[in-house]
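Structure file input-v5.txt with compact mmCIF, C-alpha atoms:
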# COMPACT_ATOMS: atom_id res chain seq x y z
CA MET A 435 315.37 26.27 241.58
CA ARG A 436 316.26 27.77 238.20
CA LYS A 437 317.54 25.56 235.44
CA THR A 438 320.88 26.07 233.70
CA ALA A 439 321.27 25.92 229.92
CA LEU A 440 324.55 25.78 228.04
CA ILE A 441 324.53 27.01 224.45
CA THR A 442 327.38 27.15 221.95
CA GLY A 443 327.55 29.88 219.34
CA PRO A 444 325.20 32.25 221.22
CA THR A 445 326.57 35.59 220.03
CA SER A 446 324.80 35.85 216.64
CA GLY A 447 322.00 34.49 214.48
CA ILE A 448 319.91 31.60 215.77
CA GLY A 449 322.09 31.13 218.82
CA ARG A 450 321.59 34.69 220.01
CA PHE A 451 317.80 34.55 219.78
CA THR A 452 317.80 31.11 221.42
CA ALA A 453 319.82 32.48 224.33
CA LEU A 454 317.58 35.54 224.67
CA GLU A 455 314.41 33.42 224.70
CA LEU A 456 315.80 30.95 227.22
CA ALA A 457 316.79 33.86 229.47
CA ARG A 458 313.28 35.27 229.09
CA ARG A 459 311.97 31.91 230.30
CA GLY A 460 314.18 32.08 233.39
CA TYR A 461 317.11 29.84 232.46
CA ASP A 462 320.55 30.69 233.81
CA LEU A 463 322.95 30.55 230.87
CA ILE A 464 326.43 29.26 230.14
CA LEU A 465 327.53 31.03 226.95
CA VAL A 466 330.25 29.10 225.11
CA ALA A 467 331.78 31.24 222.39
CA ARG A 468 335.05 32.35 220.79
CA ASN A 469 334.48 36.11 220.83
CA ALA A 470 334.63 37.53 224.35
CA ALA A 471 333.50 41.02 223.33
CA LYS A 472 330.34 39.72 221.64
CA ALA A 473 329.60 37.39 224.54
CA HIS A 474 329.88 40.23 227.06
CA GLU A 475 327.62 42.36 224.84
CA LEU A 476 325.02 39.58 224.95
CA GLN A 477 325.36 39.36 228.72
CA ARG A 478 324.66 43.08 228.99
CA GLU A 479 321.63 42.71 226.70
CA ILE A 480 320.25 39.87 228.84
CA GLY A 481 320.79 41.88 232.00
CA HIS A 482 320.59 40.62 235.57
CA SER A 483 317.24 38.82 235.56
CA VAL A 484 319.18 35.53 235.20
CA ASN A 485 322.78 34.51 235.77
CA THR A 486 325.00 34.35 232.70
CA GLY A 487 328.49 32.91 232.53
CA PHE A 488 330.91 33.12 229.60
CA ILE A 489 333.29 30.32 228.68
CA GLN A 490 335.76 31.12 225.91
CA CYS A 491 336.17 28.22 223.52
CA ASP A 492 337.21 27.55 219.93
CA LEU A 493 335.25 24.44 218.95
CA SER A 494 337.63 23.73 216.06
CA ARG A 495 340.51 23.09 218.49
CA ILE A 496 340.33 20.01 220.69
CA ALA A 497 342.63 21.46 223.35
CA SER A 498 340.45 24.58 223.61
CA VAL A 499 337.31 22.47 224.07
CA LYS A 500 338.96 20.34 226.75
CA ARG A 501 340.02 23.48 228.63
CA ALA A 502 336.44 24.77 228.39
CA VAL A 503 335.13 21.48 229.77
CA ASP A 504 337.48 21.75 232.74
CA GLU A 505 336.39 25.36 233.39
CA ILE A 506 332.71 24.44 233.23
CA ARG A 507 333.18 21.48 235.55
CA ASP A 508 335.05 23.69 238.01
CA ASN A 509 332.29 26.31 238.11
CA TYR A 510 328.99 24.45 237.68
CA SER A 511 327.41 21.49 239.45
CA GLN A 512 324.77 20.60 236.85
CA ILE A 513 323.49 21.34 233.36
CA ASP A 514 319.77 20.92 232.62
CA LEU A 515 319.91 21.76 228.91
CA LEU A 516 322.86 21.60 226.51
CA ILE A 517 322.38 23.02 223.01
CA ASN A 518 325.09 22.32 220.45
CA ASN A 519 324.19 25.25 218.20
CA ALA A 520 327.49 26.56 216.83
CA GLY A 521 328.41 25.55 213.31
CA LEU A 522 329.95 26.74 210.07
CA ILE A 523 330.31 26.01 206.38
CA VAL A 524 333.67 26.70 204.73
CA GLN A 525 333.80 27.45 201.01
CA HIS A 526 337.38 26.20 200.51
CA ARG A 527 339.17 23.44 202.40
CA GLU A 528 340.78 24.48 205.66
CA THR A 529 342.58 22.23 208.14
CA THR A 530 342.80 22.83 211.88
CA ASP A 531 345.95 22.71 213.99
CA ASP A 532 344.86 19.19 214.95
CA GLY A 533 345.00 18.14 211.29
CA ILE A 534 341.22 17.83 210.94
CA GLU A 535 339.09 19.35 208.18
CA MET A 536 337.64 22.59 209.62
CA THR A 537 333.92 21.96 209.04
CA PHE A 538 333.96 18.50 210.59
CA ALA A 539 336.16 19.71 213.47
CA THR A 540 333.84 22.59 214.36
CA ASN A 541 330.48 20.99 213.66
CA HIS A 542 331.10 17.54 215.13
CA VAL A 543 334.45 16.95 216.85
CA GLY A 544 334.24 19.99 219.14
CA PRO A 545 330.64 19.30 220.20
CA PHE A 546 331.53 15.62 220.75
CA VAL A 547 334.37 16.54 223.12
CA LEU A 548 332.25 19.17 224.89
CA THR A 549 329.17 17.01 225.36
CA THR A 550 330.91 13.79 226.43
CA GLY A 551 333.09 15.81 228.81
CA LEU A 552 330.01 17.22 230.55
CA ILE A 553 327.95 14.04 230.92
CA ASP A 554 328.42 13.99 234.70
CA LEU A 555 326.87 17.48 234.94
CA LEU A 556 323.94 16.32 232.80
CA LYS A 557 323.47 13.30 235.06
CA ALA A 558 323.45 15.62 238.09
CA ALA A 559 320.36 17.42 236.74
CA GLU A 560 316.84 16.07 236.84
CA SER A 561 315.79 14.96 233.34
CA ALA A 562 318.50 16.82 231.42
CA LYS A 563 318.20 17.41 227.68
CA VAL A 564 320.74 17.65 224.87
CA LEU A 565 319.87 19.28 221.54
CA HIS A 566 322.02 19.19 218.43
CA VAL A 567 321.30 21.78 215.74
CA ALA A 568 321.44 19.71 212.56
CA SER A 569 320.24 20.44 209.03
CA GLU A 570 318.31 19.06 206.09
CA ALA A 571 321.70 19.33 204.39
CA HIS A 572 322.43 15.90 205.86
CA PHE A 573 320.57 14.55 202.83
CA PHE A 574 323.54 15.83 200.76
CA ALA A 575 326.07 13.67 202.66
CA PHE A 576 327.08 11.89 199.46
CA ARG A 577 329.79 9.18 199.60
CA TYR A 578 329.75 9.28 203.39
CA GLN A 579 332.59 7.22 204.87
CA THR A 580 333.35 7.61 208.57
CA ALA A 581 337.08 6.95 208.22
CA LYS A 582 337.44 9.82 205.72
CA LEU A 583 335.50 12.50 207.60
CA ALA A 584 338.55 14.10 209.21
CA ASN A 585 340.55 14.19 205.98
CA PRO A 586 338.24 13.96 202.94
CA PRO A 587 340.00 13.24 199.62
CA HIS A 588 337.71 15.65 197.73
CA TYR A 589 336.13 18.92 198.83
CA HIS A 590 332.77 20.49 198.03
CA ASP A 591 331.48 22.79 200.72
CA LEU A 592 327.84 21.64 200.71
CA VAL A 593 328.73 17.93 200.67
CA ILE A 594 331.28 18.37 203.47
CA TYR A 595 328.77 20.41 205.46
CA GLY A 596 326.10 17.77 204.83
CA ARG A 597 328.38 15.05 206.16
CA SER A 598 329.03 17.06 209.32
CA LYS A 599 325.28 17.53 209.81
CA LEU A 600 324.70 13.81 209.30
CA ALA A 601 327.35 13.28 211.98
CA ASN A 602 325.33 15.57 214.28
CA ILE A 603 322.27 13.35 213.93
CA LEU A 604 324.23 10.10 214.30
CA PHE A 605 325.91 11.47 217.42
CA SER A 606 322.56 12.59 218.80
CA ASN A 607 321.07 9.14 218.24
CA GLU A 608 323.99 7.27 219.82
CA LEU A 609 324.02 9.68 222.76
CA SER A 610 320.30 9.02 223.19
CA GLU A 611 320.93 5.28 223.44
CA ARG A 612 323.77 5.68 225.94
CA LEU A 613 322.08 8.25 228.19
CA ALA A 614 318.52 6.90 228.20
CA PRO A 615 319.18 4.83 231.38
CA PHE A 616 319.95 8.10 233.19
CA GLY A 617 316.78 9.89 232.08
CA ILE A 618 318.69 12.20 229.73
CA THR A 619 317.22 12.87 226.29
CA SER A 620 319.12 13.69 223.09
CA ASN A 621 317.48 14.99 219.93
CA ALA A 622 318.55 16.63 216.67
CA VAL A 623 316.83 19.76 215.36
CA HIS A 624 316.80 21.33 211.89
CA PRO A 625 315.87 25.00 212.46
CA GLY A 626 314.94 25.66 208.83
CA THR A 627 316.90 27.56 206.20
CA VAL A 628 317.59 30.85 207.89
CA SER A 629 318.04 34.38 206.57
CA SER A 630 321.38 35.22 208.15
CA SER A 631 325.03 35.63 207.17
CA PHE A 632 325.61 31.88 207.60
CA GLY A 633 327.00 30.33 204.41
CA GLY A 634 326.70 33.59 202.50
CA ASP A 635 330.36 34.54 202.34
CA GLY A 636 332.48 34.02 199.25
CA ASN A 637 331.65 33.45 195.59
CA GLY A 638 330.82 29.74 195.41
CA ALA A 639 327.53 28.09 194.46
CA THR A 640 326.44 27.69 198.08
CA ALA A 641 327.08 31.37 198.81
CA TRP A 642 325.19 32.37 195.63
CA PHE A 643 322.20 30.24 196.66
CA MET A 644 322.14 31.73 200.16
CA LYS A 645 322.25 35.29 198.82
CA VAL A 646 319.69 34.89 196.03
CA PHE A 647 317.07 33.03 198.08
CA LYS A 648 317.68 34.82 201.38
CA PRO A 649 314.38 36.80 201.22
CA PHE A 650 312.43 33.52 201.25
CA PHE A 651 314.15 32.02 204.29
CA ARG A 652 313.00 31.96 207.89
CA THR A 653 314.16 34.67 210.27
CA PRO A 654 316.61 33.78 213.06
CA GLU A 655 313.81 34.48 215.55
CA GLN A 656 311.53 31.93 213.87
CA ALA A 657 314.31 29.35 213.76
CA ALA A 658 315.19 29.91 217.41
CA ALA A 659 311.53 29.48 218.39
CA GLY A 660 311.58 25.95 216.94
CA ILE A 661 314.70 25.06 218.89
CA VAL A 662 313.33 26.47 222.14
CA HIS A 663 310.06 24.60 221.61
CA VAL A 664 311.83 21.24 221.33
CA ALA A 665 314.01 22.15 224.31
CA THR A 666 311.22 23.22 226.66
CA ALA A 667 307.87 21.73 225.59
CA SER A 668 306.58 19.51 228.41
CA GLU A 669 305.04 17.04 225.96
CA LEU A 670 308.54 16.33 224.62
CA ASN A 671 310.17 15.72 228.01
CA ASP A 672 310.47 11.99 227.42
CA VAL A 673 311.10 12.09 223.66
CA THR A 674 314.61 11.05 222.67
CA GLY A 675 316.58 9.93 219.64
CA GLN A 676 314.36 11.92 217.28
CA TYR A 677 314.90 14.38 214.44
CA PHE A 678 312.84 17.59 214.33
CA ALA A 679 312.44 20.19 211.59
CA ASN A 680 310.91 23.59 212.32
CA GLY A 681 309.89 22.33 215.76
CA LYS A 682 308.03 19.23 214.52
CA PRO A 683 309.02 15.55 214.08
CA ALA A 684 310.48 15.07 210.60
CA ARG A 685 311.89 12.46 208.24
CA SER A 686 315.66 11.98 208.23
CA SER A 687 317.79 10.06 205.74
CA ALA A 688 318.35 6.31 205.80
CA LYS A 689 321.97 6.89 206.82
CA ALA A 690 320.85 9.07 209.73
CA LYS A 691 318.82 6.14 211.10
CA SER A 692 321.72 3.67 210.92
CA ARG A 693 322.70 2.31 214.33
CA ALA A 694 325.86 0.82 212.82
CA LEU A 695 327.01 4.20 211.46
CA ALA A 696 326.20 5.88 214.79
CA ARG A 697 328.33 3.40 216.74
CA GLU A 698 331.10 3.61 214.14
CA LEU A 699 331.16 7.43 214.35
CA TRP A 700 331.32 7.33 218.15
CA ALA A 701 334.32 4.98 218.11
CA PHE A 702 336.02 7.07 215.40
CA SER A 703 335.45 10.28 217.38
CA GLU A 704 336.84 8.77 220.56
CA ALA A 705 339.99 7.62 218.78
CA LEU A 706 340.39 10.97 217.02
CA THR A 707 340.06 13.09 220.16
CA GLU A 708 342.06 10.90 222.50
CA SER A 709 345.02 11.09 220.12
CA VAL A 710 345.37 14.85 220.64
CA LEU A 711 346.98 15.82 223.94
CA ILE A 712 346.16 19.04 225.81

Kindly return the structure encoded in the file as structure tokens.
Amino acid sequence: MRKTALITGPTSGIGRFTALELARRGYDLILVARNAAKAHELQREIGHSVNTGFIQCDLSRIASVKRAVDEIRDNYSQIDLLINNAGLIVQHRETTDDGIEMTFATNHVGPFVLTTGLIDLLKAAESAKVLHVASEAHFFAFRYQTAKLANPPHYHDLVIYGRSKLANILFSNELSERLAPFGITSNAVHPGTVSSSFGGDGNGATAWFMKVFKPFFRTPEQAAAGIVHVATASELNDVTGQYFANGKPARSSAKAKSRALARELWAFSEALTESVLI
């Protein structure tokens, strides 16, 4: 029986190459993306060797994610692998319709709603895995305060992005603790600094850095290979609650290891998402 993998943000960059490699390895795919045209183009590229389904979803909008969860639950009985890949960095502050800072909404809140909404489908699989694409940028999560993540008083794109990536790791760790009794693993993965359009828009310092040093970065294919390795390597089947960089175990920050911060973020995320009605 073929396994089913769900991946967010599969239409470009790392996500696209991750989806293509998983399809090559025989995984049926659930492609969760905003852009229907790009998703259908990817489906055509993958072809008919595996089954591919498209679920339209804007991760920055809680109502959109909840609708996607309902659609997935209506059409699938299990998920063997869930990869929270989609993410963004925003040069200037933007706020979603839910009143949440855009980077935090897209990089953490949406994946939190999606993943927790699909736990029953993960439990239905044998030894399901969850992967969260994080970043070494979590080391730049200066002045991290859980209560201020949704509405930060000051804005610097790299710091805000770093906080959202720290949230990814904390969420991964707490999910690992909660799902371990069911044989489900949860790990965070830094794919490396990648030569793509990510973070390169605009005129700010972060965009300048991405453009100037782009020739020295990893390719999306190389980055995707690290993600797929952590997702599929048999020797990692029982590994959970870990942080990987470039496909290998790596050091994370002291904050990322904090059980107290992980529990605090989970409670904050629950309160934040339950307050927005579909």

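Using all atoms listed in the file for every distance, the candidate list A:Ile517, A:Ala614, A:Val543, A:Val466 yields A:Val543 as the residue closest to A:Ile496.
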
Report task. Please provide as a PyMOL selection string all residues within 10 Å of stretch 507-512 of chain A, with the sequence filter that same-chain residues fewer than 3 positions apart are discarded (counting only C-alpha atoms). Result -> chain A and resi 437-439+464+487+501-504+515+551-560+562

Query - Within 8 Å of A:Ala520 using all atoms listed in the file, minus same-chain residues under 2 positions, as a VMD selection string - result: chain A and resid 442 to 444 449 518 522 540 to 541 567

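Taking all atoms listed in the file, the non-local environment of stretch 670-685 of chain A within 7 Å (same-chain residues fewer than 2 positions away omitted) comprises A:Ser606, A:Asn607, A:Ser610, A:Thr619, A:Ser620, A:Asn621, A:Ala622, A:Val623, A:His624, A:Pro625, A:Gly626, A:Ala657, A:Gly660, A:Ile661, A:His663, A:Val664, A:Ala667, A:Ser668, A:Ser687.
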
**Report entry** Non-local contacts of A:Leu463 (10 Å; all atoms listed in the file; under 5 positions in same chain excluded) as a ChimeraX atom specification
**Finding:** /A:437-441,453-454,456-457,477,480,484-488,513,515-516

Query raised in the report: So which one's closest to A:Gly460, A:Ile448, A:Ile534, A:Leu613, A:Met435? Using all atoms listed in the file, please.
Result: A:Met435

Query raised in the report: Of the candidates A:Leu548, A:Leu695, A:Ile523, A:Ala601, which one gets nearest to A:His572 if we count all atoms listed in the file?
Result: A:Ala601

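Relative to atom CA of A:Ser498, atom CA of A:Arg436 is found at 28.4 Å.
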
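Note that the spacing between atom CA of A:Arg693 and atom CA of A:Asn519 amounts to 23.3 Å.
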
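The gap separating atom CA of A:Arg450 from atom CA of A:Glu655 is 9.0 Å, in Å to one decimal.
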
As lines of an AutoDock Vina configuration file: centre and edge lengths in Å, one decimal, of the axis-aligned box holding stretch 558-575 of chain A with 3 Å per side:
center_x = 320.9
center_y = 17.7
center_z = 219.4
size_x = 16.3
size_y = 14.1
size_z = 43.3

Give me, as JSON lines, the closest atom pair and its distance (Å, one decimal) for every residue of stretch 438-545 of chain A within a cut-off of 8 Å of stretch 575-585 of chain A, counting all atoms listed in the file, rows sorted by chain and rising number.
{"residue": "A:Gly533", "atom": "CA", "partner": "A:Ala584", "partner_atom": "CA", "distance": 7.9}
{"residue": "A:Ile534", "atom": "CA", "partner": "A:Ala584", "partner_atom": "CA", "distance": 4.9}
{"residue": "A:Glu535", "atom": "CA", "partner": "A:Ala584", "partner_atom": "CA", "distance": 5.4}
{"residue": "A:Phe538", "atom": "CA", "partner": "A:Ala584", "partner_atom": "CA", "distance": 6.5}
{"residue": "A:Ala539", "atom": "CA", "partner": "A:Ala584", "partner_atom": "CA", "distance": 7.4}
